[in-house]
There are 2 protein chains.
Amino acid sequence: MTEKTPTTRPPLSRDRVLAAALDLADRHGLEALTMRRLGSELGVEAMSLYKHVAGKDEILDGIVELVLVEIELPPADVEWKDAMRERARSVRDVFRRHAWAIGLLESRSGGRAAAVYVDAIIGVLRSAGFTVDDAAHAFWLLDSYVYGHVVQETSITGTPPGDGTEDGAGDLPHLAELTRRAAVAGFQVDTEFEFGLELILDGLERVRSRD
Amino acid sequence: MTEKTPTTRPPLSRDRVLAAALDLADRHGLEALTMRRLGSELGVEAMSLYKHVAGKDEILDGIVELVLVEIELPPADVEWKDAMRERARSVRDVFRRHAWAIGLLESRSGGRAAAVYVDAIIGVLRSAGFTVDDAAHAFWLLDSYVYGHVVQETSITGTPPGDGTEDGAGDLPHLAELTRRAAVAGFQVDTEFEFGLELILDGLERVRSRD
DNA sequence: GTCTGCAGGCTTACTTAGTAAGCATCGCTT
DNA sequence: AAGCGATGCTTACTAAGTAAGCCTGCAGAC
């Protein structure tokens, strides 16, 4: 129909499709990631993508995994507390870069990347003297915290002004006080994050010394 | 076209629509909640719903709020630690009953119900002697933990067997150990939850006694 | 009693999304 | 040269949200 493009287009591949999908989600959000748009991003029709991926679900799984491998695994020889602190920060950074990935993770396993991640973390904890059970506890606790924190951050910063949280604060005195305080102090999510992180790490240290 | 139904149907209303939507999501999952299906559930065509709600988004906001009001607020006169423990459990229970709501919460403010909830919790903490800042810290920390924990629980229990976490465990020794251990001990999420909860509450107690 | 307005539900139809099925073409192998 | 497989294209179907406008029966007003 149209002229054949003189520039030979690099052939598609599963990797190129996934990379483009990741990029698209980062730039325009997850809802912009449609097969048609992803296709046009690659200079191709939507249906062509199906030669390289089974369907949209596989793309979603794929980009979640791409995100997960961005998490920095701690080197095996650092002190456990430093290692956990660093990985917690790394997880937070990664999900702030790819906020859309949080919602996806809920329904997807994360593939092998997730398994590698778990293995590395548990490894550090075991070497530090945690029992199997306590290592599992520590992992769950830390991960729950980090995950929950990131979700709350993004859902707060992503909330447009004028949402339900502020109107009617007249009869919610503590909330009003909190809001006022936050406005004055310049609310710092980073501070919140570090506070909880240190509290948890200290608590885990107590558990470890018991083991 | 069809015969007029002899039984007079109770008229629709915003509340009836939201209640039916909540019920539908509980019974068949969030993806089953479509305007057409919700309509037929109420014996009505999809477009009729638009006389009572502005659109699907309003329905989603509405059922999120319905879920949030199920969270039990602690009575003002209990000891803060008991109050926090109870509300954490209540939050967890509510979201286990309505697992689909978790994903929704990420993108929605929660309306006034969320504000009431925050106000009540901060109130308890302030009365217990927490400074404004520490009350905010405590709130963020606890909520992040509970939220993250629930998400992880549901995503694990919702994962079909044979996912990426188990194959290839050969070169992931710590993960293998953990899996084995979990199989033997009978993995208890409840135990995990309580462990982290108590650790955090103890940490917060230390913070409070400093105030 | 008749008329009228309108609230509440219905019909149709448009848009966007995912994707099944099959066609076309280009380049390499034999 | 002939054939063939891989890669991309075309068409078309289904499901979902929702805009626009129609229909009808009931509540007062006269």
# chains A, B, ... in the order shown; residues from 1 in each chain; ligands from 1

$ interface_residues --of "chain B" --to "chain C" --cutoff "12 Å" --atoms "only C-alpha atoms (C1' of nucleotides)" --output "ChimeraX atom specification"
/B:1-2,9-13,39,43-52

$ interface_residues --of "chain B" --to "chain D" --cutoff "9 Å" --atoms "only C-alpha atoms (C1' of nucleotides)" --output "ChimeraX atom specification"
/B:34-36,47,50,55-56

$ select_by_dssp --residues "range 40-129 of chain A" --states "helix (DSSP H, G or I)" --output "PyMOL selection string"
chain A and resi 40-41+46-51+56-68+80-97+100-105+111-127

$ closest_atom_pairs --of "chain B" --to "chain A" --cutoff "6 Å" --atoms "only C-alpha atoms" --output "CSV"
residue,atom,partner,partner_atom,distance
B:Glu106,CA,A:Ser155,CA,5.5
B:Gly111,CA,A:Gly164,CA,4.4
B:Arg112,CA,A:Gly164,CA,5.3
B:Ala115,CA,A:Thr165,CA,5.2
B:Asp119,CA,A:Leu175,CA,4.8
B:Gly123,CA,A:His174,CA,5.7
B:His137,CA,A:Glu192,CA,5.9
B:Leu141,CA,A:Gly196,CA,5.4
B:Ser144,CA,A:Gly148,CA,4.1
B:Tyr145,CA,A:Tyr145,CA,4.2
B:Tyr147,CA,A:Gly148,CA,5.2
B:Gly148,CA,A:Gly148,CA,3.9
B:His149,CA,A:Ser144,CA,4.7
B:Ser155,CA,A:Glu106,CA,5.4
B:Gly164,CA,A:Gly111,CA,4.3
B:Thr165,CA,A:Ala115,CA,5.2
B:Leu172,CA,A:Asp119,CA,5.8
B:His174,CA,A:Asp119,CA,5.2
B:Leu175,CA,A:Asp119,CA,4.8
B:Glu192,CA,A:His137,CA,5.9
B:Gly196,CA,A:Leu141,CA,5.4

$ write_last_selection --atoms "C-alpha atoms" --output "PDB file, in the first residue's frame"
ATOM      1  CA  GLU B 106      -3.572   2.379  45.089  1.00  0.00           C
ATOM      2  CA  GLY B 111     -12.719   9.512  50.309  1.00  0.00           C
ATOM      3  CA  ARG B 112     -13.935  10.625  53.650  1.00  0.00           C
ATOM      4  CA  ALA B 115      -9.820  10.609  56.484  1.00  0.00           C
ATOM      5  CA  ASP B 119      -7.974  10.919  62.332  1.00  0.00           C
ATOM      6  CA  GLY B 123      -5.976  10.605  67.985  1.00  0.00           C
ATOM      7  CA  HIS B 137       5.862   8.113  61.904  1.00  0.00           C
ATOM      8  CA  LEU B 141       5.129   2.592  59.637  1.00  0.00           C
ATOM      9  CA  SER B 144       2.879   0.426  55.434  1.00  0.00           C
ATOM     10  CA  TYR B 145       3.551  -2.846  57.140  1.00  0.00           C
ATOM     11  CA  TYR B 147      -0.723  -2.951  53.766  1.00  0.00           C
ATOM     12  CA  GLY B 148       2.396  -4.556  52.361  1.00  0.00           C
ATOM     13  CA  HIS B 149       1.766  -7.717  54.285  1.00  0.00           C
ATOM     14  CA  SER B 155      -0.452 -12.433  45.922  1.00  0.00           C
ATOM     15  CA  GLY B 164       8.491 -19.194  38.637  1.00  0.00           C
ATOM     16  CA  THR B 165       9.341 -19.438  42.294  1.00  0.00           C
ATOM     17  CA  LEU B 172      19.094 -21.099  44.694  1.00  0.00           C
ATOM     18  CA  HIS B 174      18.557 -20.651  50.395  1.00  0.00           C
ATOM     19  CA  LEU B 175      15.261 -20.480  48.657  1.00  0.00           C
ATOM     20  CA  GLU B 192       4.356 -14.017  60.060  1.00  0.00           C
ATOM     21  CA  GLY B 196       6.182  -8.305  62.457  1.00  0.00           C
TER      22      GLY B 196
END

$ atom_distance --atom1 "CA of Ala25 in chain A" --atom2 "CA of Glu72 in chain A"
21.3 Å

$ atom_distance --atom1 "CA of Arg27 in chain A" --atom2 "CA of Val64 in chain A"
15.5 Å

$ decode --residues "chain C" --atoms "C-alpha atoms (C1' of nucleotides)" --output "PDB file, in the first residue's frame"
ATOM      1  C1'  DG C   1     -60.730  13.418  33.981  1.00  0.00           C
ATOM      2  C1'  DT C   2     -57.306  15.108  30.984  1.00  0.00           C
ATOM      3  C1'  DC C   3     -52.954  17.088  30.189  1.00  0.00           C
ATOM      4  C1'  DT C   4     -48.143  17.627  30.977  1.00  0.00           C
ATOM      5  C1'  DG C   5     -43.525  17.145  32.774  1.00  0.00           C
ATOM      6  C1'  DC C   6     -40.130  14.345  34.079  1.00  0.00           C
ATOM      7  C1'  DA C   7     -37.782  10.558  36.389  1.00  0.00           C
ATOM      8  C1'  DG C   8     -36.163   6.301  35.449  1.00  0.00           C
ATOM      9  C1'  DG C   9     -35.231   2.785  32.397  1.00  0.00           C
ATOM     10  C1'  DC C  10     -34.298   1.252  27.297  1.00  0.00           C
ATOM     11  C1'  DT C  11     -32.158   1.153  22.526  1.00  0.00           C
ATOM     12  C1'  DT C  12     -28.672   2.164  19.466  1.00  0.00           C
ATOM     13  C1'  DA C  13     -24.389   3.054  18.291  1.00  0.00           C
ATOM     14  C1'  DC C  14     -19.530   4.780  18.696  1.00  0.00           C
ATOM     15  C1'  DT C  15     -14.793   4.070  20.554  1.00  0.00           C
ATOM     16  C1'  DT C  16     -10.998   1.540  22.276  1.00  0.00           C
ATOM     17  C1'  DA C  17      -8.928  -2.806  23.504  1.00  0.00           C
ATOM     18  C1'  DG C  18      -7.302  -7.628  22.823  1.00  0.00           C
ATOM     19  C1'  DT C  19      -6.695 -11.025  19.658  1.00  0.00           C
ATOM     20  C1'  DA C  20      -8.111 -15.076  16.203  1.00  0.00           C
ATOM     21  C1'  DA C  21      -7.426 -16.314  11.312  1.00  0.00           C
ATOM     22  C1'  DG C  22      -5.485 -16.099   7.340  1.00  0.00           C
ATOM     23  C1'  DC C  23      -2.721 -13.519   3.554  1.00  0.00           C
ATOM     24  C1'  DA C  24       1.565 -11.467   1.589  1.00  0.00           C
ATOM     25  C1'  DT C  25       6.349 -10.922   1.062  1.00  0.00           C
ATOM     26  C1'  DC C  26      11.163 -11.257   1.477  1.00  0.00           C
ATOM     27  C1'  DG C  27      15.323 -13.798   1.780  1.00  0.00           C
ATOM     28  C1'  DC C  28      17.719 -17.996   2.249  1.00  0.00           C
ATOM     29  C1'  DT C  29      18.353 -22.931   1.261  1.00  0.00           C
ATOM     30  C1'  DT C  30      18.670 -26.693  -1.777  1.00  0.00           C
TER      31       DT C  30
END
